file my_file-v4.cif (mmCIF, C-alpha atoms)
data_final
loop_
_atom_site.group_PDB
_atom_site.id
_atom_site.type_symbol
_atom_site.label_atom_id
_atom_site.label_comp_id
_atom_site.auth_asym_id
_atom_site.auth_seq_id
_atom_site.Cartn_x
_atom_site.Cartn_y
_atom_site.Cartn_z
ATOM 1 C CA MET A 1 88.772 102.724 117.112
ATOM 2 C CA THR A 2 85.979 104.537 115.294
ATOM 3 C CA ARG A 3 82.392 104.249 116.539
ATOM 4 C CA ILE A 4 80.157 103.812 113.463
ATOM 5 C CA GLU A 5 76.374 104.002 113.440
ATOM 6 C CA ALA A 6 74.170 103.338 110.403
ATOM 7 C CA HIS A 7 70.553 104.382 110.909
ATOM 8 C CA GLN A 8 67.999 102.463 108.848
ATOM 9 C CA LEU A 9 65.131 104.951 108.466
ATOM 10 C CA ALA A 10 61.791 105.105 106.624
ATOM 11 C CA PRO A 11 61.515 108.533 104.964
ATOM 12 C CA THR A 12 58.221 109.680 103.455
ATOM 13 C CA ILE A 13 58.160 110.564 99.776
ATOM 14 C CA GLY A 14 58.163 114.327 99.277
ATOM 15 C CA ASP A 15 58.127 115.270 102.992
ATOM 16 C CA LEU A 16 61.260 117.400 103.339
ATOM 17 C CA ALA A 17 60.390 118.756 106.782
ATOM 18 C CA GLY A 18 59.371 115.422 108.250
ATOM 19 C CA ASN A 19 62.341 113.597 106.761
ATOM 20 C CA GLN A 20 64.716 116.244 108.055
ATOM 21 C CA ASP A 21 63.286 115.788 111.542
ATOM 22 C CA LEU A 22 63.775 112.029 111.183
ATOM 23 C CA ALA A 23 67.388 112.467 110.052
ATOM 24 C CA LEU A 24 68.242 114.974 112.777
ATOM 25 C CA ALA A 25 66.776 112.752 115.489
ATOM 26 C CA ALA A 26 68.914 109.855 114.260
ATOM 27 C CA ILE A 27 72.058 111.975 114.108
ATOM 28 C CA ARG A 28 71.523 113.408 117.590
ATOM 29 C CA ALA A 29 70.900 109.956 119.047
ATOM 30 C CA ALA A 30 74.077 108.651 117.428
ATOM 31 C CA ALA A 31 76.092 111.604 118.700
ATOM 32 C CA ALA A 32 74.754 111.082 122.209
ATOM 33 C CA ARG A 33 76.105 107.526 122.094
ATOM 34 C CA GLY A 34 79.524 108.700 120.988
ATOM 35 C CA ALA A 35 79.286 107.892 117.282
ATOM 36 C CA GLN A 36 82.061 109.394 115.183
ATOM 37 C CA LEU A 37 80.705 108.324 111.785
ATOM 38 C CA VAL A 38 76.949 108.378 111.111
ATOM 39 C CA VAL A 39 75.533 106.995 107.861
ATOM 40 C CA LEU A 40 71.951 107.574 106.694
ATOM 41 C CA PRO A 41 70.065 106.028 103.747
ATOM 42 C CA GLU A 42 70.010 107.066 100.104
ATOM 43 C CA LEU A 43 67.629 109.982 99.391
ATOM 44 C CA VAL A 44 66.772 110.144 103.080
ATOM 45 C CA LEU A 45 65.574 113.742 102.764
ATOM 46 C CA THR A 46 63.043 113.094 100.019
ATOM 47 C CA GLY A 47 62.077 109.468 99.658
ATOM 48 C CA TYR A 48 62.854 107.457 96.547
ATOM 49 C CA VAL A 49 59.937 106.393 94.332
ATOM 50 C CA PHE A 50 59.305 109.587 92.390
ATOM 51 C CA ALA A 51 56.484 109.568 89.874
ATOM 52 C CA SER A 52 58.222 112.100 87.627
ATOM 53 C CA PRO A 53 61.241 114.394 87.354
ATOM 54 C CA GLU A 54 58.938 117.265 88.227
ATOM 55 C CA GLU A 55 58.017 115.663 91.541
ATOM 56 C CA ALA A 56 61.696 115.188 92.379
ATOM 57 C CA ARG A 57 62.546 118.729 91.332
ATOM 58 C CA ALA A 58 59.967 120.099 93.766
ATOM 59 C CA VAL A 59 61.936 118.695 96.718
ATOM 60 C CA ALA A 60 65.497 118.815 95.363
ATOM 61 C CA ILE A 61 67.935 121.117 97.164
ATOM 62 C CA PRO A 62 71.334 122.595 96.309
ATOM 63 C CA ALA A 63 74.455 121.214 97.945
ATOM 64 C CA ASP A 64 74.808 124.302 100.131
ATOM 65 C CA ASP A 65 71.291 124.032 101.570
ATOM 66 C CA ALA A 66 70.972 124.846 105.270
ATOM 67 C CA ARG A 67 69.393 121.441 105.953
ATOM 68 C CA LEU A 68 72.703 119.726 105.270
ATOM 69 C CA LEU A 69 74.507 122.143 107.556
ATOM 70 C CA GLU A 70 72.043 121.159 110.280
ATOM 71 C CA TRP A 71 73.229 117.552 109.933
ATOM 72 C CA GLY A 72 76.746 118.667 110.786
ATOM 73 C CA ALA A 73 75.628 120.676 113.796
ATOM 74 C CA ALA A 74 73.501 117.792 115.107
ATOM 75 C CA GLY A 75 76.474 115.434 114.838
ATOM 76 C CA GLN A 76 78.396 117.257 117.583
ATOM 77 C CA GLY A 77 81.716 116.528 115.919
ATOM 78 C CA ALA A 78 80.709 113.337 114.103
ATOM 79 C CA LEU A 79 81.015 112.942 110.360
ATOM 80 C CA VAL A 80 77.560 112.486 108.797
ATOM 81 C CA ILE A 81 76.947 110.902 105.390
ATOM 82 C CA GLY A 82 73.479 110.724 103.860
ATOM 83 C CA GLY A 83 71.553 111.010 100.637
ATOM 84 C CA PHE A 84 69.503 113.809 99.098
ATOM 85 C CA ALA A 85 68.051 114.843 95.759
ATOM 86 C CA GLU A 86 70.419 117.525 94.532
ATOM 87 C CA LEU A 87 69.446 120.428 92.324
ATOM 88 C CA GLY A 88 72.725 121.146 90.563
ATOM 89 C CA SER A 89 73.875 124.614 89.591
ATOM 90 C CA ASP A 90 73.480 123.333 86.013
ATOM 91 C CA GLY A 91 69.757 122.863 86.615
ATOM 92 C CA LEU A 92 69.983 119.064 86.504
ATOM 93 C CA LEU A 93 68.825 116.626 89.166
ATOM 94 C CA TYR A 94 71.280 114.252 90.832
ATOM 95 C CA ASN A 95 70.939 111.389 93.290
ATOM 96 C CA SER A 96 73.611 112.621 95.680
ATOM 97 C CA ALA A 97 75.201 112.004 99.053
ATOM 98 C CA ALA A 98 76.670 114.689 101.276
ATOM 99 C CA VAL A 99 79.555 114.308 103.688
ATOM 100 C CA VAL A 100 79.009 116.819 106.468
ATOM 101 C CA GLY A 101 81.087 117.732 109.500
ATOM 102 C CA PRO A 102 80.753 120.445 112.132
ATOM 103 C CA GLU A 103 82.555 122.821 109.764
ATOM 104 C CA GLY A 104 80.036 122.266 106.963
ATOM 105 C CA VAL A 105 79.649 120.203 103.804
ATOM 106 C CA LEU A 106 82.999 118.551 103.074
ATOM 107 C CA ALA A 107 82.060 116.744 99.867
ATOM 108 C CA VAL A 108 79.113 115.872 97.656
ATOM 109 C CA TYR A 109 79.040 112.732 95.554
ATOM 110 C CA ARG A 110 76.659 112.240 92.619
ATOM 111 C CA LYS A 111 75.661 108.636 91.963
ATOM 112 C CA LEU A 112 77.435 107.268 88.905
ATOM 113 C CA HIS A 113 75.320 104.177 88.254
ATOM 114 C CA LEU A 114 71.594 104.901 88.226
ATOM 115 C CA TRP A 115 69.315 101.957 88.932
ATOM 116 C CA ASP A 116 66.305 101.232 86.727
ATOM 117 C CA ARG A 117 63.748 104.090 86.767
ATOM 118 C CA GLU A 118 66.192 106.457 88.469
ATOM 119 C CA LYS A 119 67.369 107.047 84.897
ATOM 120 C CA LEU A 120 64.021 108.713 84.161
ATOM 121 C CA VAL A 121 64.519 111.232 86.976
ATOM 122 C CA PHE A 122 68.207 111.847 87.635
ATOM 123 C CA THR A 123 71.358 112.591 85.649
ATOM 124 C CA PRO A 124 74.318 110.295 86.392
ATOM 125 C CA GLY A 125 77.336 111.879 88.023
ATOM 126 C CA LEU A 126 80.586 112.438 86.188
ATOM 127 C CA ASP A 127 83.120 112.449 89.011
ATOM 128 C CA ALA A 128 84.802 109.629 90.902
ATOM 129 C CA PRO A 129 83.758 109.047 94.512
ATOM 130 C CA PRO A 130 85.393 111.498 96.926
ATOM 131 C CA LEU A 131 88.131 110.147 99.170
ATOM 132 C CA LEU A 132 88.385 112.113 102.401
ATOM 133 C CA ASP A 133 91.213 112.087 104.882
ATOM 134 C CA THR A 134 89.572 112.208 108.292
ATOM 135 C CA PRO A 135 90.859 111.796 111.852
ATOM 136 C CA HIS A 136 89.489 108.253 111.724
ATOM 137 C CA GLY A 137 90.814 107.133 108.358
ATOM 138 C CA ARG A 138 90.362 107.581 104.627
ATOM 139 C CA ILE A 139 86.672 107.415 103.748
ATOM 140 C CA ALA A 140 85.145 107.060 100.282
ATOM 141 C CA VAL A 141 81.468 107.475 99.388
ATOM 142 C CA MET A 142 79.261 105.551 96.953
ATOM 143 C CA ILE A 143 75.508 105.154 96.574
ATOM 144 C CA CYS A 144 73.612 101.861 96.355
ATOM 145 C CA TYR A 145 74.005 100.345 92.833
ATOM 146 C CA ASP A 146 77.543 101.782 92.590
ATOM 147 C CA LEU A 147 78.625 99.017 94.959
ATOM 148 C CA GLU A 148 77.828 96.400 92.304
ATOM 149 C CA PHE A 149 80.590 97.596 89.988
ATOM 150 C CA PRO A 150 83.861 95.989 91.112
ATOM 151 C CA GLU A 151 85.869 98.430 88.990
ATOM 152 C CA LEU A 152 84.641 101.224 91.253
ATOM 153 C CA THR A 153 85.135 99.548 94.616
ATOM 154 C CA ARG A 154 88.579 98.299 93.580
ATOM 155 C CA GLY A 155 89.426 101.740 92.251
ATOM 156 C CA VAL A 156 88.752 103.550 95.511
ATOM 157 C CA ALA A 157 90.589 100.805 97.407
ATOM 158 C CA LEU A 158 93.640 101.272 95.201
ATOM 159 C CA ALA A 159 93.346 105.021 95.779
ATOM 160 C CA GLY A 160 93.767 104.373 99.504
ATOM 161 C CA ALA A 161 90.279 104.121 100.992
ATOM 162 C CA ASP A 162 90.033 102.497 104.413
ATOM 163 C CA LEU A 163 86.225 102.465 104.382
ATOM 164 C CA ILE A 164 83.448 102.934 101.832
ATOM 165 C CA ALA A 165 80.257 104.535 103.169
ATOM 166 C CA VAL A 166 77.217 103.578 101.105
ATOM 167 C CA PRO A 167 73.819 105.241 101.594
ATOM 168 C CA THR A 168 71.409 102.867 99.852
ATOM 169 C CA ASN A 169 67.795 101.912 99.104
ATOM 170 C CA TRP A 170 67.788 98.189 98.283
ATOM 171 C CA PRO A 171 64.500 96.974 96.745
ATOM 172 C CA LEU A 172 63.441 93.692 98.319
ATOM 173 C CA VAL A 173 64.126 90.694 96.053
ATOM 174 C CA PRO A 174 63.509 86.982 96.688
ATOM 175 C CA ARG A 175 66.309 84.960 98.285
ATOM 176 C CA PRO A 176 66.663 81.512 99.838
ATOM 177 C CA ASP A 177 65.844 81.190 103.516
ATOM 178 C CA GLY A 178 68.792 82.021 105.726
ATOM 179 C CA GLU A 179 70.748 83.846 103.037
ATOM 180 C CA HIS A 180 72.072 87.375 103.252
ATOM 181 C CA PRO A 181 70.508 89.816 100.783
ATOM 182 C CA PRO A 182 72.455 89.653 97.516
ATOM 183 C CA GLU A 183 73.580 93.257 97.930
ATOM 184 C CA VAL A 184 75.113 92.428 101.310
ATOM 185 C CA LEU A 185 76.940 89.481 99.747
ATOM 186 C CA ILE A 186 78.334 91.830 97.098
ATOM 187 C CA ALA A 187 79.477 94.254 99.799
ATOM 188 C CA MET A 188 81.086 91.434 101.776
ATOM 189 C CA ALA A 189 82.971 90.245 98.701
ATOM 190 C CA ALA A 190 84.109 93.769 97.825
ATOM 191 C CA ALA A 191 85.370 94.302 101.372
ATOM 192 C CA ARG A 192 87.201 90.978 101.458
ATOM 193 C CA VAL A 193 88.957 91.144 98.094
ATOM 194 C CA SER A 194 90.233 94.678 98.691
ATOM 195 C CA HIS A 195 90.627 94.347 102.467
ATOM 196 C CA LEU A 196 88.696 97.466 103.462
ATOM 197 C CA ALA A 197 85.615 98.187 105.562
ATOM 198 C CA ILE A 198 82.189 98.946 104.111
ATOM 199 C CA VAL A 199 79.136 100.381 105.846
ATOM 200 C CA ALA A 200 75.911 100.214 103.839
ATOM 201 C CA CYS A 201 72.904 102.020 105.300
ATOM 202 C CA ASP A 202 69.630 100.761 103.818
ATOM 203 C CA ARG A 203 66.093 102.010 104.407
ATOM 204 C CA THR A 204 62.971 100.272 105.661
ATOM 205 C CA GLY A 205 59.216 100.422 105.187
ATOM 206 C CA THR A 206 57.163 100.374 101.981
ATOM 207 C CA GLU A 207 56.955 103.316 99.604
ATOM 208 C CA ARG A 208 54.365 103.426 96.817
ATOM 209 C CA GLY A 209 54.183 99.651 96.829
ATOM 210 C CA GLN A 210 57.954 99.132 96.869
ATOM 211 C CA GLU A 211 59.233 97.050 99.778
ATOM 212 C CA TRP A 212 62.785 97.540 100.976
ATOM 213 C CA THR A 213 65.360 94.995 102.076
ATOM 214 C CA ALA A 214 66.276 96.669 105.381
ATOM 215 C CA GLY A 215 69.708 95.143 104.904
ATOM 216 C CA THR A 216 71.928 97.667 106.678
ATOM 217 C CA ALA A 217 75.343 96.180 107.436
ATOM 218 C CA VAL A 218 78.697 97.186 108.865
ATOM 219 C CA ILE A 219 81.370 94.977 107.279
ATOM 220 C CA ASP A 220 84.953 94.774 108.490
ATOM 221 C CA GLU A 221 88.126 94.662 106.403
ATOM 222 C CA ASN A 222 87.992 90.852 106.333
ATOM 223 C CA GLY A 223 84.581 90.873 104.683
ATOM 224 C CA TRP A 224 82.515 89.818 107.717
ATOM 225 C CA VAL A 225 79.293 91.488 108.789
ATOM 226 C CA VAL A 226 80.040 92.746 112.298
ATOM 227 C CA ALA A 227 76.770 94.620 112.812
ATOM 228 C CA GLY A 228 73.278 94.651 111.349
ATOM 229 C CA PRO A 229 70.224 96.679 112.325
ATOM 230 C CA GLY A 230 68.785 96.107 115.759
ATOM 231 C CA LEU A 231 65.117 96.469 116.633
ATOM 232 C CA ASP A 232 65.672 100.232 116.558
ATOM 233 C CA GLY A 233 67.079 100.028 113.028
ATOM 234 C CA VAL A 234 70.575 101.011 114.159
ATOM 235 C CA ALA A 235 73.728 99.085 113.286
ATOM 236 C CA THR A 236 76.659 99.982 115.549
ATOM 237 C CA ALA A 237 80.266 98.837 115.417
ATOM 238 C CA ASP A 238 83.698 99.946 116.590
ATOM 239 C CA LEU A 239 86.303 99.491 113.863
ATOM 240 C CA ASP A 240 89.979 100.319 113.530
ATOM 241 C CA LEU A 241 89.871 101.630 109.978
ATOM 242 C CA THR A 242 93.653 101.683 109.654
ATOM 243 C CA LEU A 243 93.690 97.858 109.607
ATOM 244 C CA ALA A 244 92.560 98.142 105.988
ATOM 245 C CA ARG A 245 95.988 99.472 105.020
ATOM 246 C CA ASN A 246 97.680 96.113 105.499
ATOM 247 C CA LYS A 247 96.895 94.073 102.384
ATOM 248 C CA THR A 248 99.022 91.104 103.425
ATOM 249 C CA LEU A 249 97.066 87.849 103.361
ATOM 250 C CA THR A 250 99.904 85.437 104.176
ATOM 251 C CA SER A 251 103.685 85.678 104.191
ATOM 252 C CA LEU A 252 103.584 85.032 100.437
ATOM 253 C CA ALA A 253 100.245 86.560 99.402
ATOM 254 C CA ASP A 254 99.177 90.192 99.145
ATOM 255 C CA ALA A 255 95.792 91.419 97.918
ATOM 256 C CA PHE A 256 97.349 94.314 96.023
ATOM 257 C CA GLY A 257 100.910 93.122 95.495
ATOM 258 C CA ASP A 258 99.729 90.032 93.608
ATOM 259 C CA ARG A 259 97.688 91.977 91.079
ATOM 260 C CA ARG A 260 98.612 91.667 87.372
ATOM 261 C CA PRO A 261 97.272 94.892 85.832
ATOM 262 C CA GLU A 262 99.436 94.486 82.740
ATOM 263 C CA ILE A 263 97.468 91.320 81.958
ATOM 264 C CA TYR A 264 94.061 92.717 82.884
ATOM 265 C CA ALA A 265 94.569 95.605 80.464
ATOM 266 C CA ARG A 266 94.479 93.158 77.551
ATOM 267 C CA PHE A 267 90.788 92.532 78.187
ATOM 268 C CA ALA A 268 89.733 96.170 78.061
ATOM 269 C CA PRO A 269 89.020 96.298 74.290
ATOM 270 C CA LEU A 270 86.572 93.404 74.664
ATOM 271 C CA HIS A 271 84.327 95.478 76.915
ATOM 272 C CA GLN A 272 84.255 98.783 75.106
ATOM 273 C CA ASP A 273 81.013 99.878 73.410
#

call {"tool": "encode", "arguments": {"input": "my_file-v4.cif", "output": "structure tokens"}}
result
Amino acid sequence: MTRIEAHQLAPTIGDLAGNQDLALAAIRAAAARGAQLVVLPELVLTGYVFASPEEARAVAIPADDARLLEWGAAGQGALVIGGFAELGSDGLLYNSAAVVGPEGVLAVYRKLHLWDREKLVFTPGLDAPPLLDTPHGRIAVMICYDLEFPELTRGVALAGADLIAVPTNWPLVPRPDGEHPPEVLIAMAAARVSHLAIVACDRTGTERGQEWTAGTAVIDENGWVVAGPGLDGVATADLDLTLARNKTLTSLADAFGDRRPEIYARFAPLHQD
């Protein structure tokens, strides 16, 4: 079993030092409770609602920044995944997530699908989500809006992911009483149809007038939410990630074996620009 903790935090826009303290406190608390995988929100180091690219650039950091290495040290052996504004070696800004272990930064993922005004600040990534073999299972990384593209979630599942870790900032939208946030429903559906676990770590609070959903969820390979944020904002669950490798639904049904990619390919020309 893998002990997973997602920490729903409220970073302050532009406060690198304060946000780093917030992240490190969360990581240390998770490690003290035996967490082996710790997930933090999207852009947890910087906040989200930037007024301009220049404001984001002032707090963007390279992928080898010492602050990310501190995440790994604080984790005491845990794998830590969280978001930051990345200043690329090409001089461009990216909405990125780092995967950090005690040995350092293992991977950096740049968000492929930028939401709304993010397009005025960041450059979309060009590379597929990383898929890491870890002692706990095969872990892929996406960021927020990426989760709403079934081609991407199915793609990493077909590549062998056991779990998708998703740092996110979900803007609050209206929904009927008693309903899950729509983004959680999307994550549940993605987990169920590809039979893999998903942990989405949202943020909380209000930033420059934007309210957040606070919809953090740990979802098992059957598509059920097994943990949401407690009063402390922490969602904790123990999952056997290897259960995601069995795609059998019944004796005669298989989530992957029943696919018909030769038929699906016929639709591709209809969706090309």

call {"tool": "resolve_selection", "arguments": {"input": "my_file-v4.cif", "expression": "the PyMOL selection byres ((chain A and resi 137-151) around 6)", "output": "list in words"}}
result
Lys111, His113, Pro129, Pro130, Leu131, Leu132, Asp133, Thr134, Pro135, His136, Leu152, Thr153, Arg154, Gly155, Ala161, Asp162, Leu163, Ile164, Ala165, Val166, Pro167, Thr168 and Leu241 of chain A

call {"tool": "atom_distance", "arguments": {"input": "my_file-v4.cif", "atom1": "atom CA of A:Ala51", "atom2": "atom CA of A:Val121"}}
result
8.7 Å

call {"tool": "residues_near_point", "arguments": {"input": "my_file-v4.cif", "point": "(90.6, 88.5, 106.7)", "cutoff": "8 Å", "atoms": "all atoms listed in the file", "output": "list in words"}}
result
Arg192, His195, Glu221, Asn222, Gly223 and Leu249 of chain A

call {"tool": "atom_distance", "arguments": {"input": "my_file-v4.cif", "atom1": "atom CA of A:Leu24", "atom2": "atom CA of A:Val226"}}
result
25.2 Å

call {"tool": "closest_residue", "arguments": {"input": "my_file-v4.cif", "among": "A:Val80, A:Leu93, A:Ala107, A:Leu239", "to": "A:Cys201", "atoms": "only C-alpha atoms"}}
result
A:Val80

call {"tool": "resolve_selection", "arguments": {"input": "my_file-v4.cif", "expression": "the PyMOL selection byres ((chain A and resi 227) around 7)", "output": "list of chain:residue names"}}
result
A:Ala217, A:Val218, A:Val225, A:Val226, A:Gly228, A:Pro229, A:Ala235, A:Thr236, A:Ala237

call {"tool": "write_last_selection", "arguments": {"input": "my_file-v4.cif", "atoms": "C-alpha atoms", "output": "compact mmCIF listing (two decimals), in the coordinates of the input"}}
result
# COMPACT_ATOMS: atom_id res chain seq x y z
CA ALA A 217 75.34 96.18 107.44
CA VAL A 218 78.70 97.19 108.86
CA VAL A 225 79.29 91.49 108.79
CA VAL A 226 80.04 92.75 112.30
CA GLY A 228 73.28 94.65 111.35
CA PRO A 229 70.22 96.68 112.32
CA ALA A 235 73.73 99.08 113.29
CA THR A 236 76.66 99.98 115.55
CA ALA A 237 80.27 98.84 115.42

call {"tool": "atom_distance", "arguments": {"input": "my_file-v4.cif", "atom1": "atom CA of A:Glu55", "atom2": "atom CA of A:Gly125"}}
result
20.0 Å

call {"tool": "residues_around", "arguments": {"input": "my_file-v4.cif", "residues": "A:Ala10", "least_positions_apart": "5", "cutoff": "8 Å", "atoms": "all atoms listed in the file", "output": "list in words"}}
result
Val44, Arg203, Thr204 and Gly205 of chain A

call {"tool": "closest_residue", "arguments": {"input": "my_file-v4.cif", "among": "A:Gly75, A:Pro53, A:Gly88, A:Gly257", "to": "A:Arg110", "atoms": "all atoms listed in the file"}}
result
A:Gly88

call {"tool": "residues_near_point", "arguments": {"input": "my_file-v4.cif", "point": "(66.4, 93.8, 102.1)", "cutoff": "9 Å", "atoms": "all atoms listed in the file", "output": "number ranges by chain"}}
result
A: 169-173, 180-184, 202-204, 211-216

call {"tool": "axis_aligned_box", "arguments": {"input": "my_file-v4.cif", "around": "stretch 230-243 of chain A", "padding_each_side": "6 Å", "output": "JSON"}}
result
{"center_x": 79.4, "center_y": 98.9, "center_z": 113.1, "size_x": 40.6, "size_y": 17.6, "size_z": 19.0}

call {"tool": "build_atoms", "arguments": {"input": "my_file-v4.cif", "residues": "stretch 31-47 of chain A", "atoms": "N, CA and C atoms", "output": "PDB file, keeping the file's coordinate frame"}}
result
ATOM      1  N   ALA A  31      75.093 110.759 118.046  1.00  0.00           N
ATOM      2  CA  ALA A  31      76.092 111.604 118.700  1.00  0.00           C
ATOM      3  C   ALA A  31      76.062 111.416 120.211  1.00  0.00           C
ATOM      4  N   ALA A  32      74.877 111.271 120.764  1.00  0.00           N
ATOM      5  CA  ALA A  32      74.754 111.082 122.209  1.00  0.00           C
ATOM      6  C   ALA A  32      75.390 109.774 122.668  1.00  0.00           C
ATOM      7  N   ARG A  33      75.477 108.809 121.762  1.00  0.00           N
ATOM      8  CA  ARG A  33      76.105 107.526 122.094  1.00  0.00           C
ATOM      9  C   ARG A  33      77.586 107.493 121.726  1.00  0.00           C
ATOM     10  N   GLY A  34      78.101 108.613 121.274  1.00  0.00           N
ATOM     11  CA  GLY A  34      79.524 108.700 120.988  1.00  0.00           C
ATOM     12  C   GLY A  34      79.916 108.307 119.583  1.00  0.00           C
ATOM     13  N   ALA A  35      78.959 108.245 118.659  1.00  0.00           N
ATOM     14  CA  ALA A  35      79.286 107.892 117.282  1.00  0.00           C
ATOM     15  C   ALA A  35      80.192 108.953 116.662  1.00  0.00           C
ATOM     16  N   GLN A  36      81.146 108.492 115.893  1.00  0.00           N
ATOM     17  CA  GLN A  36      82.061 109.394 115.183  1.00  0.00           C
ATOM     18  C   GLN A  36      81.807 109.417 113.687  1.00  0.00           C
ATOM     19  N   LEU A  37      81.121 108.389 113.183  1.00  0.00           N
ATOM     20  CA  LEU A  37      80.705 108.324 111.785  1.00  0.00           C
ATOM     21  C   LEU A  37      79.252 107.864 111.765  1.00  0.00           C
ATOM     22  N   VAL A  38      78.378 108.681 111.183  1.00  0.00           N
ATOM     23  CA  VAL A  38      76.949 108.378 111.111  1.00  0.00           C
ATOM     24  C   VAL A  38      76.561 108.295 109.638  1.00  0.00           C
ATOM     25  N   VAL A  39      75.944 107.179 109.247  1.00  0.00           N
ATOM     26  CA  VAL A  39      75.533 106.995 107.861  1.00  0.00           C
ATOM     27  C   VAL A  39      74.020 106.840 107.813  1.00  0.00           C
ATOM     28  N   LEU A  40      73.385 107.585 106.901  1.00  0.00           N
ATOM     29  CA  LEU A  40      71.951 107.574 106.694  1.00  0.00           C
ATOM     30  C   LEU A  40      71.647 106.995 105.314  1.00  0.00           C
ATOM     31  N   PRO A  41      70.380 106.652 105.035  1.00  0.00           N
ATOM     32  CA  PRO A  41      70.065 106.028 103.747  1.00  0.00           C
ATOM     33  C   PRO A  41      70.173 106.976 102.548  1.00  0.00           C
ATOM     34  N   GLU A  42      70.103 106.368 101.385  1.00  0.00           N
ATOM     35  CA  GLU A  42      70.010 107.066 100.104  1.00  0.00           C
ATOM     36  C   GLU A  42      68.719 107.887 100.076  1.00  0.00           C
ATOM     37  N   LEU A  43      68.798 109.107  99.551  1.00  0.00           N
ATOM     38  CA  LEU A  43      67.629 109.982  99.391  1.00  0.00           C
ATOM     39  C   LEU A  43      66.791 110.086 100.670  1.00  0.00           C
ATOM     40  N   VAL A  44      67.478 110.124 101.799  1.00  0.00           N
ATOM     41  CA  VAL A  44      66.772 110.144 103.080  1.00  0.00           C
ATOM     42  C   VAL A  44      65.940 111.405 103.261  1.00  0.00           C
ATOM     43  N   LEU A  45      66.315 112.493 102.602  1.00  0.00           N
ATOM     44  CA  LEU A  45      65.574 113.742 102.764  1.00  0.00           C
ATOM     45  C   LEU A  45      64.284 113.789 101.955  1.00  0.00           C
ATOM     46  N   THR A  46      64.148 112.928 100.956  1.00  0.00           N
ATOM     47  CA  THR A  46      63.043 113.094 100.019  1.00  0.00           C
ATOM     48  C   THR A  46      62.189 111.862  99.804  1.00  0.00           C
ATOM     49  N   GLY A  47      62.690 110.677 100.150  1.00  0.00           N
ATOM     50  CA  GLY A  47      62.077 109.468  99.658  1.00  0.00           C
ATOM     51  C   GLY A  47      62.595 109.156  98.269  1.00  0.00           C
TER      52      GLY A  47
END
